[in-house]
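Okay, input28.tsv is below, TSV, C-alpha atoms:
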```tsv
chain	number	residue	atom	x	y	z
Z	1	MET	CA	7.02	-21.77	-15.84
Z	2	ARG	CA	4.55	-19.05	-16.69
Z	3	SER	CA	2.52	-20.02	-13.60
Z	4	ASP	CA	5.58	-19.69	-11.32
Z	5	GLY	CA	6.34	-16.28	-12.79
Z	6	LYS	CA	2.77	-15.17	-12.12
Z	7	ARG	CA	2.96	-16.21	-8.46
Z	8	THR	CA	6.27	-14.41	-7.94
Z	9	LEU	CA	5.04	-11.23	-9.60
Z	10	LYS	CA	1.86	-11.24	-7.54
Z	11	ARG	CA	3.92	-11.09	-4.35
Z	12	LEU	CA	5.98	-8.24	-5.79
Z	13	GLY	CA	2.92	-6.12	-5.19
Z	14	LEU	CA	3.97	-5.76	-1.57
Z	15	LEU	CA	6.71	-3.37	-2.57
Z	16	ALA	CA	4.23	-0.85	-3.88
Z	17	ALA	CA	2.47	-0.35	-0.57
Z	18	ILE	CA	4.63	2.65	0.16
Z	19	ALA	CA	3.24	3.66	3.52
Z	20	LEU	CA	5.70	6.28	4.74
Z	21	VAL	CA	3.93	7.34	7.92
Z	22	LEU	CA	1.47	6.35	10.59
Z	23	CYS	CA	1.09	9.55	12.51
Z	24	GLY	CA	-0.53	12.97	12.88
Z	25	PRO	CA	-3.29	14.62	14.93
Z	26	ARG	CA	-5.90	14.37	12.16
Z	27	PHE	CA	-7.03	11.07	10.70
Z	28	PRO	CA	-10.05	9.72	8.76
Z	29	LEU	CA	-11.54	6.73	10.61
Z	30	ALA	CA	-14.58	6.97	8.35
Z	31	GLU	CA	-13.94	7.61	4.68
Z	32	SER	CA	-15.61	10.71	3.27
Z	33	THR	CA	-17.39	10.63	-0.06
Z	34	ASP	CA	-16.54	14.06	-1.37
Z	35	GLY	CA	-14.64	14.64	-4.58
Z	36	GLY	CA	-16.47	11.85	-6.35
Z	37	VAL	CA	-16.45	11.08	-10.06
Z	38	ALA	CA	-19.83	10.89	-11.74
Z	39	ALA	CA	-20.90	7.81	-13.61
Z	40	GLY	CA	-19.56	7.81	-17.14
Z	41	ASP	CA	-16.71	10.19	-16.30
Z	42	SER	CA	-13.14	8.93	-16.52
Z	43	LEU	CA	-10.52	9.50	-13.85
Z	44	GLU	CA	-8.61	11.66	-16.33
Z	45	SER	CA	-11.69	13.84	-17.02
Z	46	ALA	CA	-11.95	14.44	-13.27
Z	47	GLY	CA	-8.57	16.14	-13.34
Z	48	VAL	CA	-6.41	13.06	-12.79
Z	49	ALA	CA	-3.77	13.02	-15.50
Z	50	ALA	CA	-1.85	9.91	-16.51
Z	51	HIS	CA	1.94	10.13	-16.33
Z	52	PRO	CA	4.30	9.04	-19.12
Z	53	TYR	CA	6.77	6.24	-18.59
Z	54	ASP	CA	10.32	7.59	-18.33
Z	55	PRO	CA	12.77	4.66	-18.67
Z	56	GLY	CA	15.87	6.88	-18.49
Z	57	GLN	CA	15.29	8.43	-15.06
Z	58	ILE	CA	17.40	6.96	-12.24
Z	59	LEU	CA	17.67	9.55	-9.45
Z	60	PRO	CA	14.50	11.67	-9.30
Z	61	PRO	CA	14.98	15.44	-9.48
Z	62	PRO	CA	13.66	17.55	-6.57
Z	63	CYS	CA	9.90	17.15	-6.17
Z	64	PRO	CA	7.41	19.72	-4.82
Z	65	LEU	CA	7.98	18.53	-1.23
Z	66	CYS	CA	11.80	18.70	-1.34
Z	67	HIS	CA	12.02	22.48	-0.91
Z	68	ASP	CA	12.17	24.11	2.52
Z	69	ASP	CA	9.96	26.96	1.33
Z	70	GLN	CA	6.47	25.40	1.17
Z	71	PRO	CA	3.24	27.26	0.27
Z	72	VAL	CA	1.49	25.79	3.34
Z	73	PRO	CA	2.60	25.14	6.96
Z	74	VAL	CA	4.87	22.14	7.63
Z	75	HIS	CA	3.82	20.07	10.65
Z	76	ARG	CA	6.52	17.85	12.17
Z	77	TRP	CA	4.99	14.85	13.90
Z	78	THR	CA	5.88	13.87	17.45
Z	79	LEU	CA	6.28	10.41	18.93
Z	80	GLU	CA	3.07	10.89	20.92
Z	81	GLU	CA	1.12	11.65	17.74
Z	82	VAL	CA	2.46	8.49	16.11
Z	83	ARG	CA	1.27	6.33	18.99
Z	84	ARG	CA	-2.08	8.11	19.26
Z	85	VAL	CA	-3.01	7.71	15.61
Z	86	GLY	CA	-1.64	4.19	15.37
Z	87	ASP	CA	-3.85	3.23	18.31
Z	88	ALA	CA	-6.84	5.02	16.77
Z	89	TYR	CA	-6.64	3.10	13.49
Z	90	ALA	CA	-6.01	-0.22	15.22
Z	91	ASP	CA	-8.81	0.31	17.75
Z	92	SER	CA	-11.21	1.28	14.96
Z	93	ASN	CA	-10.48	-1.98	13.16
Z	94	VAL	CA	-10.92	-3.97	16.38
Z	95	VAL	CA	-14.36	-2.39	16.84
Z	96	ARG	CA	-15.34	-3.14	13.23
Z	97	LEU	CA	-14.28	-6.79	13.55
Z	98	ALA	CA	-16.01	-7.15	16.93
Z	99	THR	CA	-19.21	-5.68	15.50
Z	100	LEU	CA	-19.20	-8.17	12.65
Z	101	ASP	CA	-18.57	-10.99	15.12
Z	102	SER	CA	-21.56	-9.87	17.19
Z	103	LEU	CA	-23.76	-9.71	14.10
Z	104	LEU	CA	-22.67	-13.21	13.14
Z	105	ARG	CA	-23.40	-14.60	16.61
Z	106	ALA	CA	-26.82	-12.91	16.56
Z	107	GLY	CA	-27.72	-14.75	13.36
Z	108	VAL	CA	-27.77	-11.70	11.07
Z	109	PHE	CA	-25.79	-13.65	8.45
Z	110	GLY	CA	-27.76	-16.87	8.93
Z	111	ASP	CA	-26.82	-19.90	11.02
Z	112	PRO	CA	-23.81	-18.65	13.08
Z	113	ALA	CA	-22.11	-22.02	12.70
Z	114	SER	CA	-22.54	-22.22	8.94
Z	115	ARG	CA	-19.80	-21.72	6.41
Z	116	ALA	CA	-22.00	-19.26	4.48
Z	117	ALA	CA	-22.33	-17.00	7.53
Z	118	HIS	CA	-18.58	-17.09	8.16
Z	119	LYS	CA	-17.93	-16.31	4.50
Z	120	GLN	CA	-20.24	-13.28	4.62
Z	121	ALA	CA	-18.58	-11.94	7.80
Z	122	HIS	CA	-15.14	-12.43	6.23
Z	123	LEU	CA	-16.18	-10.53	3.10
Z	124	LEU	CA	-17.52	-7.63	5.16
Z	125	ALA	CA	-14.28	-7.55	7.16
Z	126	ARG	CA	-12.34	-7.04	3.92
Z	127	LEU	CA	-14.76	-4.34	2.77
Z	128	LEU	CA	-14.89	-2.36	6.04
Z	129	THR	CA	-11.47	-2.44	7.76
Z	130	LEU	CA	-8.90	0.31	7.25
Z	131	ASN	CA	-5.44	-0.31	5.83
Z	132	ALA	CA	-2.34	1.77	5.11
Z	133	TYR	CA	-4.01	3.60	2.22
Z	134	SER	CA	-6.59	5.17	4.52
Z	135	TYR	CA	-3.99	7.39	6.21
Z	136	MET	CA	-1.33	7.50	3.49
Z	137	ILE	CA	-3.62	8.98	0.87
Z	138	HIS	CA	-5.33	11.20	3.47
Z	139	TYR	CA	-2.12	12.99	4.46
Z	140	GLY	CA	-0.63	12.92	0.99
Z	141	SER	CA	-3.75	14.60	-0.40
Z	142	ASP	CA	-3.81	17.36	2.24
Z	143	ARG	CA	-3.77	20.76	0.51
Z	144	ASP	CA	-3.46	22.77	3.74
Z	145	THR	CA	-0.49	21.13	5.50
Z	146	VAL	CA	2.74	19.30	4.66
Z	147	TRP	CA	3.35	16.49	7.16
Z	148	GLU	CA	6.94	15.58	8.07
Z	149	ALA	CA	8.66	12.83	10.08
Z	150	ASP	CA	11.95	10.92	10.28
Z	151	GLU	CA	13.20	7.49	11.36
Z	152	SER	CA	13.11	8.18	15.10
Z	153	VAL	CA	9.45	9.25	15.02
Z	154	LEU	CA	8.18	6.50	12.71
Z	155	ARG	CA	10.05	3.57	14.26
Z	156	PRO	CA	7.46	2.80	17.02
Z	157	ALA	CA	4.59	2.57	14.52
Z	158	PHE	CA	6.49	0.22	12.24
Z	159	ALA	CA	7.50	-1.92	15.23
Z	160	ASP	CA	4.15	-2.14	17.04
Z	161	PHE	CA	1.51	-2.38	14.29
Z	162	SER	CA	0.83	-4.98	11.62
Z	163	ASP	CA	1.33	-4.06	7.99
Z	164	PRO	CA	2.19	-0.36	8.44
Z	165	GLY	CA	4.14	-0.38	5.16
Z	166	ILE	CA	7.36	-1.75	3.72
Z	167	VAL	CA	9.60	1.26	3.17
Z	168	PRO	CA	12.70	0.78	5.34
Z	169	LEU	CA	13.20	3.37	8.06
Z	170	ALA	CA	16.94	2.79	8.28
Z	171	ARG	CA	18.84	5.87	7.04
Z	172	LEU	CA	15.56	7.78	6.56
Z	173	GLU	CA	16.38	11.46	6.99
Z	174	ARG	CA	12.96	12.88	6.20
Z	175	ALA	CA	9.56	11.80	4.95
Z	176	ARG	CA	6.97	14.32	3.77
Z	177	LEU	CA	3.37	14.06	2.61
Z	178	GLY	CA	0.98	16.69	1.30
Z	179	LEU	CA	-0.13	18.68	-1.73
Z	180	GLY	CA	-0.82	15.45	-3.64
Z	181	HIS	CA	2.70	14.07	-3.17
Z	182	MET	CA	4.87	11.81	-1.04
Z	183	CYS	CA	8.63	12.24	-0.63
Z	184	ALA	CA	11.37	10.39	1.27
Z	185	ARG	CA	15.03	11.35	1.63
Z	186	TYR	CA	17.69	8.81	2.66
Z	187	ASP	CA	21.28	9.28	3.81
Z	188	LEU	CA	23.28	6.89	1.61
Z	189	SER	CA	26.67	8.53	2.13
Z	190	GLN	CA	28.02	5.49	4.01
Z	191	MET	CA	28.11	1.80	3.17
Z	192	VAL	CA	26.15	0.09	5.95
Z	193	LYS	CA	24.60	-3.25	6.83
Z	194	THR	CA	21.80	-3.02	9.36
Z	195	GLU	CA	18.19	-3.97	10.08
Z	196	THR	CA	14.80	-2.30	9.93
Z	197	ILE	CA	11.63	-3.35	11.76
Z	198	ILE	CA	8.35	-3.52	9.88
Z	199	GLY	CA	5.28	-5.01	11.52
Z	200	GLY	CA	7.44	-6.56	14.24
Z	201	ARG	CA	9.72	-8.33	11.74
Z	202	ARG	CA	13.42	-7.58	11.49
Z	203	LEU	CA	14.49	-7.22	7.87
Z	204	ARG	CA	18.02	-6.90	6.53
Z	205	VAL	CA	18.97	-3.56	4.99
Z	206	ARG	CA	22.21	-2.49	3.31
Z	207	THR	CA	23.62	0.19	1.03
Z	208	ASP	CA	25.36	-0.82	-2.17
Z	209	ASP	CA	26.39	0.47	-5.59
Z	210	VAL	CA	24.37	-1.33	-8.27
Z	211	SER	CA	23.94	-1.03	-12.00
Z	212	ILE	CA	20.57	0.43	-13.00
Z	213	GLN	CA	20.02	0.78	-16.73
Z	214	GLY	CA	23.78	0.82	-17.23
Z	215	GLN	CA	24.43	3.52	-14.60
Z	216	ARG	CA	26.28	2.86	-11.34
Z	217	THR	CA	23.88	4.03	-8.62
Z	218	ARG	CA	24.04	4.07	-4.80
Z	219	VAL	CA	20.87	2.48	-3.37
Z	220	LEU	CA	19.43	1.25	-0.10
Z	221	ILE	CA	18.44	-2.43	-0.42
Z	222	MET	CA	15.91	-4.18	1.81
Z	223	ASP	CA	15.47	-7.95	1.67
Z	224	LEU	CA	11.70	-8.48	1.77
Z	225	PRO	CA	10.47	-12.03	2.54
Z	226	THR	CA	7.25	-13.14	0.86
Z	227	SER	CA	4.67	-15.81	1.60
Z	228	LEU	CA	6.24	-17.94	-1.15
Z	229	ASN	CA	9.33	-18.39	1.05
Z	230	ASP	CA	11.34	-16.25	-1.32
Z	231	VAL	CA	13.03	-12.87	-0.99
Z	232	VAL	CA	12.55	-9.79	-3.14
Z	233	GLU	CA	15.14	-6.98	-3.06
Z	234	VAL	CA	13.57	-3.52	-2.76
Z	235	CYS	CA	16.05	-0.88	-3.97
Z	236	LEU	CA	15.67	2.83	-3.17
Z	237	THR	CA	17.76	5.82	-4.25
Z	238	GLU	CA	18.52	8.72	-1.89
Z	239	HIS	CA	15.31	10.39	-3.09
Z	240	VAL	CA	12.01	8.52	-3.51
Z	241	CYS	CA	8.88	10.38	-4.60
Z	242	MET	CA	5.40	9.75	-5.96
Z	243	ASN	CA	1.95	11.30	-6.44
Z	244	VAL	CA	-1.14	10.24	-4.50
Z	245	GLU	CA	-4.87	10.63	-5.06
Z	246	ARG	CA	-8.25	9.28	-3.96
Z	247	ARG	CA	-11.56	9.33	-5.83
Z	248	VAL	CA	-15.06	8.00	-5.32
Z	249	VAL	CA	-16.46	6.64	-8.59
Z	250	ASP	CA	-20.12	5.81	-9.27
Z	251	GLY	CA	-19.10	2.99	-11.60
Z	252	PRO	CA	-19.31	0.92	-13.70
Z	253	PRO	CA	-19.48	-1.82	-12.60
Z	254	ALA	CA	-20.58	-0.45	-9.17
Z	255	PRO	CA	-19.59	2.39	-6.82
Z	256	TYR	CA	-16.04	2.23	-5.43
Z	257	GLU	CA	-13.30	4.27	-3.83
Z	258	VAL	CA	-9.97	4.20	-5.63
Z	259	PHE	CA	-6.63	4.97	-3.95
Z	260	ILE	CA	-3.73	5.57	-6.34
Z	261	VAL	CA	0.01	5.96	-5.79
Z	262	ASP	CA	1.38	7.08	-9.17
Z	263	SER	CA	4.53	8.35	-10.88
Z	264	MET	CA	6.73	6.38	-8.45
Z	265	ARG	CA	10.36	7.43	-8.83
Z	266	GLY	CA	13.56	6.26	-7.18
Z	267	LEU	CA	12.31	2.75	-6.36
Z	268	TRP	CA	13.06	-0.59	-8.04
Z	269	VAL	CA	12.62	-4.24	-7.20
Z	270	ARG	CA	15.01	-7.00	-8.13
Z	271	LYS	CA	13.74	-10.52	-8.73
Z	272	ALA	CA	14.27	-12.25	-12.06
Z	273	GLY	CA	15.47	-8.92	-13.38
Z	274	LEU	CA	15.28	-5.29	-12.23
Z	275	HIS	CA	11.81	-3.73	-12.42
Z	276	ARG	CA	10.52	-0.22	-11.70
Z	277	PRO	CA	6.92	0.00	-10.46
Z	278	GLU	CA	5.08	3.00	-11.87
Z	279	ALA	CA	1.92	2.89	-9.78
Z	280	PHE	CA	-0.13	0.99	-7.22
Z	281	VAL	CA	-3.93	0.97	-7.21
Z	282	PHE	CA	-6.29	-0.14	-4.44
Z	283	TRP	CA	-10.08	0.03	-4.78
Z	284	VAL	CA	-12.95	-0.95	-2.51
Z	285	THR	CA	-16.71	-0.52	-2.21
Z	286	PRO	CA	-17.22	2.80	-0.33
Z	287	ARG	CA	-16.74	1.86	3.32
Z	288	ASP	CA	-19.59	2.39	5.77
Z	289	PRO	CA	-19.05	0.87	9.26
Z	290	ARG	CA	-22.85	0.62	9.63
Z	291	ARG	CA	-23.10	-1.87	6.77
Z	292	THR	CA	-24.60	-5.22	7.84
Z	293	ALA	CA	-24.80	-6.92	4.43
Z	294	PRO	CA	-22.56	-7.02	1.36
Z	295	PRO	CA	-23.60	-4.84	-1.62
Z	296	ASP	CA	-25.11	-6.46	-4.69
Z	297	LEU	CA	-21.70	-6.29	-6.39
Z	298	PRO	CA	-18.88	-6.04	-3.82
Z	299	LEU	CA	-15.63	-4.65	-5.15
Z	300	ILE	CA	-12.18	-4.86	-3.62
Z	301	GLY	CA	-8.83	-5.34	-5.32
Z	302	ALA	CA	-5.26	-4.18	-5.73
Z	303	ARG	CA	-2.96	-3.94	-8.73
Z	304	ILE	CA	0.65	-2.93	-9.32
Z	305	TYR	CA	1.55	-1.18	-12.58
Z	306	VAL	CA	4.95	-2.12	-14.00
Z	307	PRO	CA	5.11	-0.94	-17.64
Z	308	HIS	CA	7.12	-3.04	-20.08
Z	309	LEU	CA	7.44	-5.91	-17.58
Z	310	VAL	CA	9.89	-8.62	-18.66
Z	311	LEU	CA	11.42	-11.48	-16.66
Z	312	ARG	CA	15.02	-12.30	-17.64
Z	313	LEU	CA	15.42	-16.07	-17.66
Z	314	PRO	CA	18.65	-18.10	-17.75
Z	315	SER	CA	20.11	-20.14	-20.57
Z	316	ILE	CA	18.41	-20.05	-23.97
Z	317	LEU	CA	14.87	-19.69	-22.61
Z	318	PRO	CA	13.02	-16.67	-24.01
Z	319	ASP	CA	12.05	-13.79	-21.74
Z	320	LEU	CA	8.46	-13.78	-20.48
Z	321	HIS	CA	6.18	-10.78	-20.97
Z	322	PHE	CA	3.22	-10.25	-18.66
Z	323	ASP	CA	0.33	-7.83	-18.32
Z	324	ASP	CA	1.63	-4.47	-17.08
Z	325	LEU	CA	-1.21	-4.13	-14.55
Z	326	ARG	CA	-0.67	-7.09	-12.23
Z	327	GLU	CA	-3.01	-8.37	-9.52
Z	328	VAL	CA	-1.38	-8.35	-6.07
Z	329	ASP	CA	-2.36	-9.29	-2.54
Z	330	LEU	CA	-4.76	-6.98	-0.73
Z	331	PRO	CA	-3.25	-4.75	1.97
Z	332	GLN	CA	-4.04	-6.09	5.44
Z	333	PRO	CA	-5.91	-4.10	8.13
Z	334	ILE	CA	-3.88	-2.06	10.62
Z	335	LEU	CA	-3.88	-3.78	14.01
Z	336	ALA	CA	-1.65	-3.76	17.08
Z	337	LEU	CA	0.66	-6.76	17.14
Z	338	ASP	CA	-0.61	-7.59	20.64
Z	339	TYR	CA	-4.01	-8.21	19.08
Z	340	PHE	CA	-2.52	-11.15	17.19
Z	341	ARG	CA	-0.28	-12.33	20.04
Z	342	THR	CA	-3.20	-12.54	22.48
Z	343	ARG	CA	-5.36	-14.34	19.91
Z	344	ARG	CA	-8.26	-11.90	20.14
Z	345	SER	CA	-9.29	-12.24	16.50
Z	346	PRO	CA	-12.76	-13.69	15.79
Z	347	SER	CA	-12.67	-17.42	15.18
Z	348	TRP	CA	-13.82	-17.01	11.57
Z	349	LEU	CA	-10.60	-15.09	10.77
Z	350	GLU	CA	-7.53	-17.30	10.48
Z	351	VAL	CA	-4.27	-15.53	11.32
Z	352	SER	CA	-1.37	-16.00	8.89
Z	353	SER	CA	2.36	-16.02	9.57
Z	354	MET	CA	2.64	-12.74	7.60
Z	355	ARG	CA	0.96	-10.79	10.46
Z	356	GLY	CA	-2.45	-10.64	8.86
Z	357	TYR	CA	-5.35	-12.90	7.87
Z	358	LYS	CA	-5.56	-15.79	5.45
Z	359	SER	CA	-7.91	-15.74	2.45
Z	360	TRP	CA	-7.73	-11.92	2.38
Z	361	ASP	CA	-8.62	-11.99	-1.31
Z	362	SER	CA	-9.93	-9.64	-3.98
Z	363	ILE	CA	-13.50	-9.90	-5.21
Z	364	GLY	CA	-15.30	-8.48	-8.22
Z	365	PRO	CA	-14.01	-7.37	-11.63
Z	366	LEU	CA	-11.34	-4.79	-12.42
Z	367	PRO	CA	-13.14	-1.45	-12.99
Z	368	ASP	CA	-12.94	-0.28	-16.59
Z	369	GLU	CA	-11.56	3.17	-15.74
Z	370	ILE	CA	-8.58	1.66	-13.91
Z	371	ARG	CA	-7.73	-0.45	-16.95
Z	372	ARG	CA	-7.98	2.60	-19.22
Z	373	ARG	CA	-5.83	4.66	-16.85
Z	374	PHE	CA	-3.12	1.99	-16.79
Z	375	PRO	CA	-3.02	0.23	-20.20
Z	376	ASP	CA	-0.66	-2.49	-21.30
Z	377	HIS	CA	2.25	-1.37	-23.47
```
Rewritten as structure tokens:
Amino acid sequence: MRSDGKRTLKRLGLLAAIALVLCGPRFPLAESTDGGVAAGDSLESAGVAAHPYDPGQILPPPCPLCHDDQPVPVHRWTLEEVRRVGDAYADSNVVRLATLDSLLRAGVFGDPASRAAHKQAHLLARLLTLNAYSYMIHYGSDRDTVWEADESVLRPAFADFSDPGIVPLARLERARLGLGHMCARYDLSQMVKTETIIGGRRLRVRTDDVSIQGQRTRVLIMDLPTSLNDVVEVCLTEHVCMNVERRVVDGPPAPYEVFIVDSMRGLWVRKAGLHRPEAFVFWVTPRDPRRTAPPDLPLIGARIYVPHLVLRLPSILPDLHFDDLREVDLPQPILALDYFRTRRSPSWLEVSSMRGYKSWDSIGPLPDEIRRRFPDH
């Protein structure tokens, strides 16, 4: 039973990939390495403060991005910008995968037909391709501009690209990123049953009044299928907000970039109980498209932080407690859905039914600083 609970909670990590946008005229196709953290320094000592767990908060108060009067210009994205940047990220990943395929065929990884060569190309694909965190953290960390969009602008990106995120666009009045924050506002004034499209999949969405910590609360509920043929309910209040940050750390155990979505408010998941994720962490060896061999210690992983995690079980069985920092599936690379439909992927990458690739797994240990930042309670 503990094993089944672990598998279910691993898939709950999907909910924390809160990618609110795929748009804008500026985008980082190559990750910069500024703002790094020196070896031996903690993330907190670099100015990244941990946030206390607040079990009593249901509807988040206004966040820095809620106000109309912003200290920097507000740029409202257009539909053309959405398509342009979506294509740019997808095309960049296609080039990176094609380059690895060419290197494999040229024998750079050894015998092109060998399993070892395929394994090395697959590992480099995980280390080098760009996912939702590349643009989400980029715009959310912008100190010079607040970026804004709504359902009508974001819909094409969520319909045409794989794994753009999981936040439902239905009833989305406004999404904003910038100044180290992300913010989404939903219109929940009416009881509705509808659909939202994410990565080409139609998912059921509805509004309902549910009990959260003993308080009757209006939420938007999305039924999210998982690879375990099960459904997780993602529940959002009319205001969802969180902090974002990115750092480059020298180690230990080796250099890595870390992307953090923290202080998540207004979002719950319901499966074997109601749980509120506090943070999501993704880390990877600093990405360099020119890399032709894995580093001595490759690092890539993702964790969801759900403090005080308990699964409520039926009958007289005791509740199960798990580690608060849970391993989850890696985010998949951003690609146009046509890329999968036309079967243009290299033969050493096996496409999954979840609009991504199979065996897209973590590698390497959990960095010490991430464990210290997000301890078990």
For stretch 70-81 of chain Z, find every residue with an atom within 12 Å (counting all atoms listed in the file), except residues of its own chain fewer than 3 positions away, and show them as a PyMOL selection string. chain Z and resi 21-27+63-67+84-88+139+142-157+174-179
Looking at only C-alpha atoms, which of Z:Leu325, Z:Leu297, Z:Met182, Z:Val219 is the one that sits closest to Z:Tyr256?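 That would be Z:Leu297, the residue with the smallest distance to Z:Tyr256.
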Pick out the residues sitting within 12 Å of Z:Leu104, and hand them over as a PyMOL selection string; count all atoms listed in the file, and ignore anything fewer than 2 positions along from it in its own chain. chain Z and resi 97-102+106-122+124-125+292-293+346-348
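Distance annotation: of Z:Asp68, Z:Asp338, Z:Asp324, Z:Glu238, the residue with the minimal separation from Z:Pro375 is Z:Asp324; atom set is only C-alpha atoms.
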Hey, which bits of stretch 160-254 of chain Z sit within 12 Å of stretch 358-365 of chain Z, and for each residue what's the closest pair of atoms and how far apart in Å (one decimal), counting only C-alpha atoms, rows by chain and increasing number, as CSV?
```
residue,atom,partner,partner_atom,distance
Z:Ser227,CA,Z:Lys358,CA,10.9
Z:Gly251,CA,Z:Pro365,CA,11.5
Z:Pro252,CA,Z:Pro365,CA,10.1
Z:Pro253,CA,Z:Pro365,CA,7.9
Z:Ala254,CA,Z:Gly364,CA,9.7
```
